[in-house]
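**Q** Structure file query-v2.txt, compact mmCIF, N, CA and C atoms, is pasted below:
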# COMPACT_ATOMS: atom_id res chain seq x y z
N MET A 1 -41.89 -14.37 100.47
CA MET A 1 -42.52 -13.83 101.67
C MET A 1 -41.56 -12.86 102.35
N ARG A 2 -42.05 -11.68 102.74
CA ARG A 2 -41.23 -10.68 103.41
C ARG A 2 -41.14 -11.01 104.90
N ARG A 3 -39.94 -10.95 105.43
CA ARG A 3 -39.75 -11.20 106.85
C ARG A 3 -40.25 -10.00 107.66
N ALA A 4 -40.94 -10.27 108.73
CA ALA A 4 -41.41 -9.19 109.60
C ALA A 4 -40.25 -8.58 110.38
N PHE A 5 -39.34 -9.43 110.81
CA PHE A 5 -38.25 -8.98 111.67
C PHE A 5 -36.91 -9.13 110.96
N PRO A 6 -35.97 -8.25 111.28
CA PRO A 6 -34.62 -8.41 110.73
C PRO A 6 -33.97 -9.69 111.27
N THR A 7 -33.01 -10.20 110.53
CA THR A 7 -32.24 -11.35 111.00
C THR A 7 -31.31 -10.90 112.11
N LYS A 8 -30.73 -11.86 112.80
CA LYS A 8 -29.77 -11.50 113.85
C LYS A 8 -28.56 -10.79 113.26
N GLN A 9 -28.12 -11.20 112.07
CA GLN A 9 -26.97 -10.55 111.44
C GLN A 9 -27.29 -9.09 111.11
N GLN A 10 -28.48 -8.85 110.58
CA GLN A 10 -28.88 -7.48 110.27
C GLN A 10 -28.93 -6.64 111.55
N LEU A 11 -29.45 -7.21 112.60
CA LEU A 11 -29.56 -6.49 113.86
C LEU A 11 -28.18 -6.18 114.44
N LEU A 12 -27.27 -7.14 114.40
CA LEU A 12 -25.92 -6.91 114.91
C LEU A 12 -25.18 -5.88 114.07
N HIS A 13 -25.37 -5.93 112.75
CA HIS A 13 -24.76 -4.92 111.89
C HIS A 13 -25.31 -3.54 112.21
N ALA A 14 -26.60 -3.45 112.41
CA ALA A 14 -27.22 -2.17 112.73
C ALA A 14 -26.68 -1.59 114.03
N CYS A 15 -26.43 -2.44 115.00
CA CYS A 15 -25.85 -1.96 116.26
C CYS A 15 -24.49 -1.30 116.04
N ARG A 16 -23.81 -1.68 114.96
CA ARG A 16 -22.51 -1.08 114.63
C ARG A 16 -22.64 -0.01 113.55
N GLY A 17 -23.87 0.33 113.15
CA GLY A 17 -24.09 1.42 112.21
C GLY A 17 -24.09 1.01 110.76
N ILE A 18 -24.20 -0.27 110.48
CA ILE A 18 -24.19 -0.77 109.10
C ILE A 18 -25.62 -1.06 108.67
N ASP A 19 -26.05 -0.47 107.57
CA ASP A 19 -27.40 -0.69 107.02
C ASP A 19 -28.49 -0.53 108.07
N CYS A 20 -28.37 0.51 108.86
CA CYS A 20 -29.32 0.68 109.96
C CYS A 20 -30.53 1.53 109.60
N ASP A 21 -30.62 1.98 108.36
CA ASP A 21 -31.72 2.85 107.98
C ASP A 21 -32.74 2.17 107.07
N VAL A 22 -32.69 0.85 106.99
CA VAL A 22 -33.58 0.14 106.07
C VAL A 22 -34.78 -0.50 106.75
N HIS A 23 -34.89 -0.38 108.07
CA HIS A 23 -35.96 -1.03 108.81
C HIS A 23 -36.12 -0.30 110.15
N PRO A 24 -37.35 -0.13 110.63
CA PRO A 24 -37.55 0.58 111.90
C PRO A 24 -36.82 -0.04 113.08
N MET A 25 -36.77 -1.36 113.15
CA MET A 25 -36.06 -1.99 114.27
C MET A 25 -34.55 -1.76 114.16
N LEU A 26 -34.03 -1.73 112.94
CA LEU A 26 -32.59 -1.54 112.76
C LEU A 26 -32.17 -0.13 113.13
N SER A 27 -32.95 0.86 112.76
CA SER A 27 -32.58 2.23 113.14
C SER A 27 -32.66 2.41 114.65
N ALA A 28 -33.63 1.80 115.28
CA ALA A 28 -33.74 1.87 116.74
C ALA A 28 -32.58 1.12 117.41
N ALA A 29 -32.20 -0.03 116.86
CA ALA A 29 -31.07 -0.79 117.42
C ALA A 29 -29.79 0.03 117.36
N HIS A 30 -29.57 0.70 116.25
CA HIS A 30 -28.37 1.54 116.11
C HIS A 30 -28.39 2.67 117.14
N ALA A 31 -29.53 3.33 117.28
CA ALA A 31 -29.64 4.41 118.27
C ALA A 31 -29.43 3.88 119.68
N LEU A 32 -29.96 2.70 119.98
CA LEU A 32 -29.76 2.10 121.30
C LEU A 32 -28.29 1.79 121.55
N ALA A 33 -27.61 1.25 120.56
CA ALA A 33 -26.18 0.93 120.73
C ALA A 33 -25.37 2.20 120.98
N GLU A 34 -25.70 3.27 120.25
CA GLU A 34 -24.99 4.53 120.48
C GLU A 34 -25.23 5.04 121.90
N LEU A 35 -26.46 4.91 122.38
CA LEU A 35 -26.76 5.34 123.75
C LEU A 35 -26.00 4.50 124.78
N HIS A 36 -25.92 3.20 124.54
CA HIS A 36 -25.17 2.35 125.47
C HIS A 36 -23.68 2.70 125.46
N GLU A 37 -23.15 3.05 124.31
CA GLU A 37 -21.76 3.48 124.25
C GLU A 37 -21.56 4.77 125.05
N GLN A 38 -22.50 5.70 124.92
CA GLN A 38 -22.42 6.95 125.67
C GLN A 38 -22.59 6.71 127.17
N ARG A 39 -23.33 5.69 127.52
CA ARG A 39 -23.62 5.39 128.93
C ARG A 39 -22.37 4.93 129.68
N ILE A 40 -21.45 4.28 128.96
CA ILE A 40 -20.23 3.78 129.59
C ILE A 40 -19.42 4.97 130.09
N GLY A 41 -19.24 5.04 131.38
CA GLY A 41 -18.45 6.12 131.98
C GLY A 41 -19.17 7.45 132.13
N ALA A 42 -20.48 7.49 131.82
CA ALA A 42 -21.24 8.74 131.94
C ALA A 42 -21.56 9.01 133.42
N ASP A 43 -21.77 10.30 133.74
CA ASP A 43 -22.16 10.64 135.12
C ASP A 43 -23.63 10.29 135.35
N ARG A 44 -24.05 10.35 136.59
CA ARG A 44 -25.39 9.90 136.99
C ARG A 44 -26.50 10.64 136.25
N ASP A 45 -26.37 11.95 136.10
CA ASP A 45 -27.41 12.70 135.40
C ASP A 45 -27.51 12.29 133.94
N ARG A 46 -26.37 12.11 133.31
CA ARG A 46 -26.38 11.70 131.90
C ARG A 46 -26.93 10.28 131.75
N VAL A 47 -26.60 9.39 132.68
CA VAL A 47 -27.13 8.02 132.65
C VAL A 47 -28.65 8.06 132.74
N HIS A 48 -29.18 8.90 133.61
CA HIS A 48 -30.63 9.02 133.75
C HIS A 48 -31.27 9.50 132.45
N GLU A 49 -30.64 10.49 131.82
CA GLU A 49 -31.14 11.00 130.54
C GLU A 49 -31.08 9.93 129.46
N ILE A 50 -29.96 9.21 129.39
CA ILE A 50 -29.80 8.15 128.40
C ILE A 50 -30.84 7.05 128.61
N ASP A 51 -31.07 6.68 129.86
CA ASP A 51 -32.04 5.63 130.13
C ASP A 51 -33.45 6.04 129.70
N GLY A 52 -33.78 7.30 129.83
CA GLY A 52 -35.07 7.79 129.35
C GLY A 52 -35.19 7.67 127.84
N LEU A 53 -34.12 8.01 127.14
CA LEU A 53 -34.11 7.89 125.68
C LEU A 53 -34.19 6.43 125.25
N ARG A 54 -33.51 5.56 125.98
CA ARG A 54 -33.58 4.13 125.68
C ARG A 54 -35.00 3.61 125.85
N ALA A 55 -35.66 4.03 126.91
CA ALA A 55 -37.03 3.57 127.16
C ALA A 55 -37.95 4.00 126.01
N GLN A 56 -37.76 5.19 125.48
CA GLN A 56 -38.56 5.65 124.34
C GLN A 56 -38.33 4.76 123.12
N LEU A 57 -37.07 4.41 122.87
CA LEU A 57 -36.76 3.56 121.71
C LEU A 57 -37.32 2.16 121.88
N VAL A 58 -37.24 1.63 123.08
CA VAL A 58 -37.81 0.30 123.35
C VAL A 58 -39.31 0.32 123.10
N ARG A 59 -39.99 1.37 123.57
CA ARG A 59 -41.43 1.48 123.33
C ARG A 59 -41.73 1.61 121.84
N ARG A 60 -40.88 2.33 121.12
CA ARG A 60 -41.09 2.48 119.67
C ARG A 60 -41.01 1.12 118.98
N ILE A 61 -40.03 0.32 119.36
CA ILE A 61 -39.91 -1.03 118.79
C ILE A 61 -41.14 -1.86 119.14
N ASP A 62 -41.53 -1.82 120.39
CA ASP A 62 -42.68 -2.63 120.83
C ASP A 62 -43.97 -2.21 120.14
N ARG A 63 -44.16 -0.91 119.92
CA ARG A 63 -45.34 -0.46 119.19
C ARG A 63 -45.29 -0.95 117.74
N TRP A 64 -44.11 -0.87 117.13
CA TRP A 64 -43.98 -1.35 115.75
C TRP A 64 -44.30 -2.84 115.67
N VAL A 65 -43.78 -3.61 116.61
CA VAL A 65 -44.06 -5.05 116.64
C VAL A 65 -45.56 -5.29 116.79
N GLY A 66 -46.19 -4.58 117.71
CA GLY A 66 -47.63 -4.75 117.92
C GLY A 66 -48.45 -4.40 116.69
N ASP A 67 -47.98 -3.41 115.93
CA ASP A 67 -48.70 -3.01 114.71
C ASP A 67 -48.41 -3.93 113.53
N THR A 68 -47.33 -4.70 113.59
CA THR A 68 -46.88 -5.48 112.44
C THR A 68 -47.28 -6.94 112.51
N VAL A 69 -47.24 -7.52 113.67
CA VAL A 69 -47.44 -8.96 113.82
C VAL A 69 -48.89 -9.25 114.20
N ALA A 70 -49.45 -10.24 113.57
CA ALA A 70 -50.81 -10.67 113.91
C ALA A 70 -50.84 -11.19 115.34
N PRO A 71 -51.96 -10.97 116.04
CA PRO A 71 -52.05 -11.48 117.41
C PRO A 71 -51.86 -12.99 117.45
N ALA A 72 -51.16 -13.44 118.45
CA ALA A 72 -50.93 -14.87 118.63
C ALA A 72 -52.16 -15.51 119.25
N PRO A 73 -52.37 -16.79 118.97
CA PRO A 73 -53.50 -17.48 119.61
C PRO A 73 -53.28 -17.54 121.13
N GLY A 74 -54.37 -17.64 121.84
CA GLY A 74 -54.29 -17.70 123.31
C GLY A 74 -53.47 -18.88 123.81
N SER A 75 -53.33 -19.91 122.98
CA SER A 75 -52.56 -21.09 123.40
C SER A 75 -51.05 -20.87 123.27
N ALA A 76 -50.64 -19.77 122.64
CA ALA A 76 -49.19 -19.51 122.47
C ALA A 76 -48.57 -19.20 123.82
N ARG A 77 -47.40 -19.76 124.03
CA ARG A 77 -46.68 -19.48 125.29
C ARG A 77 -46.21 -18.03 125.28
N ILE A 78 -46.25 -17.41 126.45
CA ILE A 78 -45.82 -16.02 126.54
C ILE A 78 -44.33 -15.96 126.86
N HIS A 79 -43.65 -15.02 126.25
CA HIS A 79 -42.23 -14.78 126.52
C HIS A 79 -42.13 -13.78 127.66
N THR A 80 -41.02 -13.75 128.34
CA THR A 80 -40.88 -12.88 129.50
C THR A 80 -40.49 -11.45 129.16
N GLU A 81 -40.00 -11.20 127.95
CA GLU A 81 -39.55 -9.88 127.55
C GLU A 81 -40.16 -9.49 126.22
N THR A 82 -40.27 -8.19 126.01
CA THR A 82 -40.70 -7.70 124.71
C THR A 82 -39.50 -7.74 123.76
N LEU A 83 -39.78 -7.65 122.47
CA LEU A 83 -38.67 -7.60 121.51
C LEU A 83 -37.87 -6.31 121.68
N GLY A 84 -38.54 -5.22 122.07
CA GLY A 84 -37.82 -3.97 122.32
C GLY A 84 -36.79 -4.15 123.43
N ALA A 85 -37.15 -4.84 124.49
CA ALA A 85 -36.21 -5.08 125.60
C ALA A 85 -35.04 -5.96 125.14
N ILE A 86 -35.32 -6.92 124.30
CA ILE A 86 -34.26 -7.80 123.80
C ILE A 86 -33.31 -7.03 122.89
N VAL A 87 -33.86 -6.18 122.02
CA VAL A 87 -33.01 -5.36 121.15
C VAL A 87 -32.15 -4.42 122.00
N ASP A 88 -32.72 -3.88 123.06
CA ASP A 88 -31.94 -3.02 123.96
C ASP A 88 -30.79 -3.80 124.59
N ARG A 89 -31.04 -5.02 125.02
CA ARG A 89 -29.96 -5.84 125.59
C ARG A 89 -28.92 -6.20 124.55
N LEU A 90 -29.36 -6.48 123.31
CA LEU A 90 -28.39 -6.74 122.24
C LEU A 90 -27.51 -5.51 122.00
N ALA A 91 -28.11 -4.33 122.02
CA ALA A 91 -27.35 -3.09 121.85
C ALA A 91 -26.36 -2.91 122.99
N GLN A 92 -26.79 -3.21 124.21
CA GLN A 92 -25.91 -3.09 125.36
C GLN A 92 -24.74 -4.08 125.26
N LEU A 93 -25.04 -5.31 124.92
CA LEU A 93 -23.99 -6.32 124.81
C LEU A 93 -23.03 -5.99 123.66
N THR A 94 -23.54 -5.39 122.59
CA THR A 94 -22.67 -4.96 121.50
C THR A 94 -21.71 -3.88 121.99
N ALA A 95 -22.24 -2.89 122.70
CA ALA A 95 -21.39 -1.83 123.24
C ALA A 95 -20.37 -2.41 124.22
N ASP A 96 -20.80 -3.33 125.06
CA ASP A 96 -19.88 -3.96 126.03
C ASP A 96 -18.80 -4.77 125.33
N ALA A 97 -19.18 -5.51 124.29
CA ALA A 97 -18.20 -6.34 123.58
C ALA A 97 -17.15 -5.47 122.89
N TYR A 98 -17.58 -4.38 122.28
CA TYR A 98 -16.61 -3.51 121.62
C TYR A 98 -15.76 -2.75 122.63
N ALA A 99 -16.32 -2.42 123.78
CA ALA A 99 -15.53 -1.79 124.85
C ALA A 99 -14.50 -2.78 125.38
N ALA A 100 -14.87 -4.06 125.46
CA ALA A 100 -13.94 -5.08 125.95
C ALA A 100 -12.75 -5.26 125.01
N LEU A 101 -12.92 -4.92 123.74
CA LEU A 101 -11.79 -5.00 122.80
C LEU A 101 -10.64 -4.10 123.24
N ALA A 102 -10.97 -3.00 123.90
CA ALA A 102 -9.94 -2.06 124.36
C ALA A 102 -9.28 -2.53 125.64
N GLY A 103 -9.87 -3.51 126.30
CA GLY A 103 -9.32 -4.01 127.56
C GLY A 103 -8.21 -5.02 127.33
N THR A 104 -7.70 -5.52 128.43
CA THR A 104 -6.60 -6.48 128.35
C THR A 104 -6.99 -7.87 128.86
N ASP A 105 -8.21 -8.00 129.33
CA ASP A 105 -8.66 -9.26 129.91
C ASP A 105 -9.30 -10.13 128.82
N ASP A 106 -8.59 -11.18 128.40
CA ASP A 106 -9.09 -12.06 127.35
C ASP A 106 -10.36 -12.79 127.77
N TRP A 107 -10.48 -13.14 129.07
CA TRP A 107 -11.67 -13.82 129.54
C TRP A 107 -12.88 -12.91 129.43
N GLU A 108 -12.72 -11.66 129.83
CA GLU A 108 -13.82 -10.71 129.75
C GLU A 108 -14.26 -10.51 128.29
N LEU A 109 -13.29 -10.42 127.40
CA LEU A 109 -13.57 -10.24 125.98
C LEU A 109 -14.34 -11.44 125.43
N GLY A 110 -13.86 -12.62 125.71
CA GLY A 110 -14.53 -13.83 125.21
C GLY A 110 -15.93 -13.97 125.78
N ASP A 111 -16.08 -13.66 127.06
CA ASP A 111 -17.39 -13.75 127.71
C ASP A 111 -18.37 -12.75 127.10
N ALA A 112 -17.91 -11.54 126.82
CA ALA A 112 -18.78 -10.52 126.23
C ALA A 112 -19.27 -10.96 124.86
N TRP A 113 -18.38 -11.48 124.04
CA TRP A 113 -18.78 -11.91 122.70
C TRP A 113 -19.68 -13.13 122.75
N GLU A 114 -19.45 -14.02 123.71
CA GLU A 114 -20.29 -15.22 123.83
C GLU A 114 -21.71 -14.83 124.25
N ARG A 115 -21.85 -13.92 125.24
CA ARG A 115 -23.18 -13.46 125.65
C ARG A 115 -23.92 -12.80 124.49
N LEU A 116 -23.20 -12.01 123.70
CA LEU A 116 -23.81 -11.34 122.56
C LEU A 116 -24.30 -12.37 121.53
N ALA A 117 -23.46 -13.34 121.23
CA ALA A 117 -23.84 -14.37 120.24
C ALA A 117 -25.05 -15.18 120.72
N GLU A 118 -25.06 -15.56 121.99
CA GLU A 118 -26.17 -16.34 122.52
C GLU A 118 -27.49 -15.56 122.48
N LEU A 119 -27.45 -14.28 122.85
CA LEU A 119 -28.66 -13.49 122.81
C LEU A 119 -29.13 -13.27 121.38
N ALA A 120 -28.21 -13.11 120.45
CA ALA A 120 -28.58 -12.93 119.04
C ALA A 120 -29.32 -14.17 118.52
N VAL A 121 -28.84 -15.35 118.87
CA VAL A 121 -29.52 -16.58 118.47
C VAL A 121 -30.90 -16.65 119.13
N GLY A 122 -30.96 -16.30 120.41
CA GLY A 122 -32.24 -16.30 121.12
C GLY A 122 -33.24 -15.33 120.51
N TYR A 123 -32.74 -14.16 120.09
CA TYR A 123 -33.61 -13.18 119.42
C TYR A 123 -34.20 -13.79 118.15
N GLU A 124 -33.36 -14.38 117.32
CA GLU A 124 -33.84 -14.91 116.05
C GLU A 124 -34.84 -16.06 116.26
N ASP A 125 -34.57 -16.91 117.24
CA ASP A 125 -35.52 -17.99 117.55
C ASP A 125 -36.86 -17.42 118.00
N LEU A 126 -36.82 -16.42 118.89
CA LEU A 126 -38.06 -15.81 119.38
C LEU A 126 -38.81 -15.12 118.25
N ALA A 127 -38.10 -14.39 117.40
CA ALA A 127 -38.75 -13.70 116.28
C ALA A 127 -39.51 -14.69 115.41
N GLU A 128 -38.90 -15.83 115.12
CA GLU A 128 -39.57 -16.85 114.31
C GLU A 128 -40.80 -17.38 115.03
N GLU A 129 -40.69 -17.63 116.32
CA GLU A 129 -41.82 -18.15 117.08
C GLU A 129 -42.97 -17.14 117.15
N VAL A 130 -42.65 -15.87 117.24
CA VAL A 130 -43.68 -14.83 117.28
C VAL A 130 -44.40 -14.76 115.94
N VAL A 131 -43.63 -14.76 114.86
CA VAL A 131 -44.23 -14.67 113.52
C VAL A 131 -45.11 -15.87 113.23
N THR A 132 -44.72 -17.05 113.69
CA THR A 132 -45.50 -18.25 113.41
C THR A 132 -46.62 -18.48 114.42
N GLY A 133 -46.73 -17.62 115.44
CA GLY A 133 -47.80 -17.73 116.42
C GLY A 133 -47.56 -18.73 117.53
N ARG A 134 -46.35 -19.25 117.63
CA ARG A 134 -46.05 -20.20 118.72
C ARG A 134 -45.73 -19.49 120.03
N ARG A 135 -45.37 -18.21 119.95
CA ARG A 135 -45.05 -17.41 121.13
C ARG A 135 -45.82 -16.11 121.04
N ARG A 136 -46.10 -15.54 122.20
CA ARG A 136 -46.65 -14.19 122.24
C ARG A 136 -45.80 -13.38 123.20
N LEU A 137 -45.91 -12.08 123.04
CA LEU A 137 -45.06 -11.17 123.80
C LEU A 137 -45.87 -10.49 124.89
N PRO A 138 -45.23 -10.08 125.97
CA PRO A 138 -45.96 -9.38 127.02
C PRO A 138 -46.62 -8.12 126.48
N GLY A 139 -47.80 -7.82 126.99
CA GLY A 139 -48.51 -6.62 126.60
C GLY A 139 -49.27 -6.74 125.30
N GLY A 140 -49.12 -7.86 124.62
CA GLY A 140 -49.82 -8.04 123.35
C GLY A 140 -51.14 -8.74 123.52
N PRO A 141 -51.89 -8.78 122.45
CA PRO A 141 -53.19 -9.48 122.54
C PRO A 141 -53.02 -10.98 122.61
Could you rewrite the structure in this file as structure tokens?
**A**
Amino acid sequence: MRRAFPTKQQLLHACRGIDCDVHPMLSAAHALAELHEQRIGADRDRVHEIDGLRAQLVRRIDRWVGDTVAPAPGSARIHTETLGAIVDRLAQLTADAYAALAGTDDWELGDAWERLAELAVGYEDLAEEVVTGRRRLPGGP
């Protein structure tokens, strides 16, 4: 059986530019991570431009998810975020974690990597629940 969604490892690799061209979500994750890296230290106008590009990528992911996954039954619990929003946060946390490597604060570095790992596990759990129909996403049928 083909998986509808990439694994958390594939998604994290894509955020760093590894094997990011083999799946629509992975290419979007890579582009989002690059935008978050550019956002660090950018001026207000550039941040506004970057945020617009991020919103387009999030919508692209959400449209792909809507076209790929069968509608969940009405009894499925709804999640508070779309998968596009979660991938955007994973990309942001990836950029933050790698930026923290350049810092000197060990607590900040450990905290950044822990948040990234926790969200990656949450993404994979949610992806499984969506595919099996136990969860539905906002804006979906």
**Q** One number please: CA of Leu90 in chain A to CA of Cys15 in chain A, in Å, one decimal.
**A**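 Spanning CA of Leu90 in chain A to CA of Cys15 in chain A is a straight-line distance of 8.1 Å.
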**Q** Go through A:His13, A:Ser27, A:Arg135, A:Gly66 and flag the residue nearest Ile78 in chain A, using all atoms listed in the file for the distances.
**A**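 Counting all atoms listed in the file, the residue closest to Ile78 in chain A is A:Arg135.
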**Q** Using only C-alpha atoms, pick whichever of A:Pro71, A:Ala117, A:His30, A:Leu35 has the shortest atom-to-atom distance to Val47 in chain A.
**A** A:Leu35
**Q** Rank A:Ala85, A:Val131, A:Leu101, A:Leu137 by their smallest atom-to-atom distance to Val69 in chain A, using all atoms listed in the file, and report the top residue only.
**A**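 The answer is A:Val131, which sits nearest to Val69 in chain A.
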**Q** Quote the spacing between atom C of Gln10 in chain A and atom N of Gly41 in chain A in Å to one decimal place.
**A**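 So the two atoms, atom C of Gln10 in chain A and atom N of Gly41 in chain A, lie 25.0 Å apart.
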**Q** Can you pull out every residue within 8 Å of Leu11 in chain A, counting all atoms listed in the file, but drop anything in the same chain fewer than 4 positions away, and send it as a list in words?
**A**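 Close residues of Leu11 in chain A: Phe5, Pro6, Thr7, Cys15, Arg16, Gly17, Met25, Leu26, Ala29, His30, Leu90 and Ala91 of chain A.
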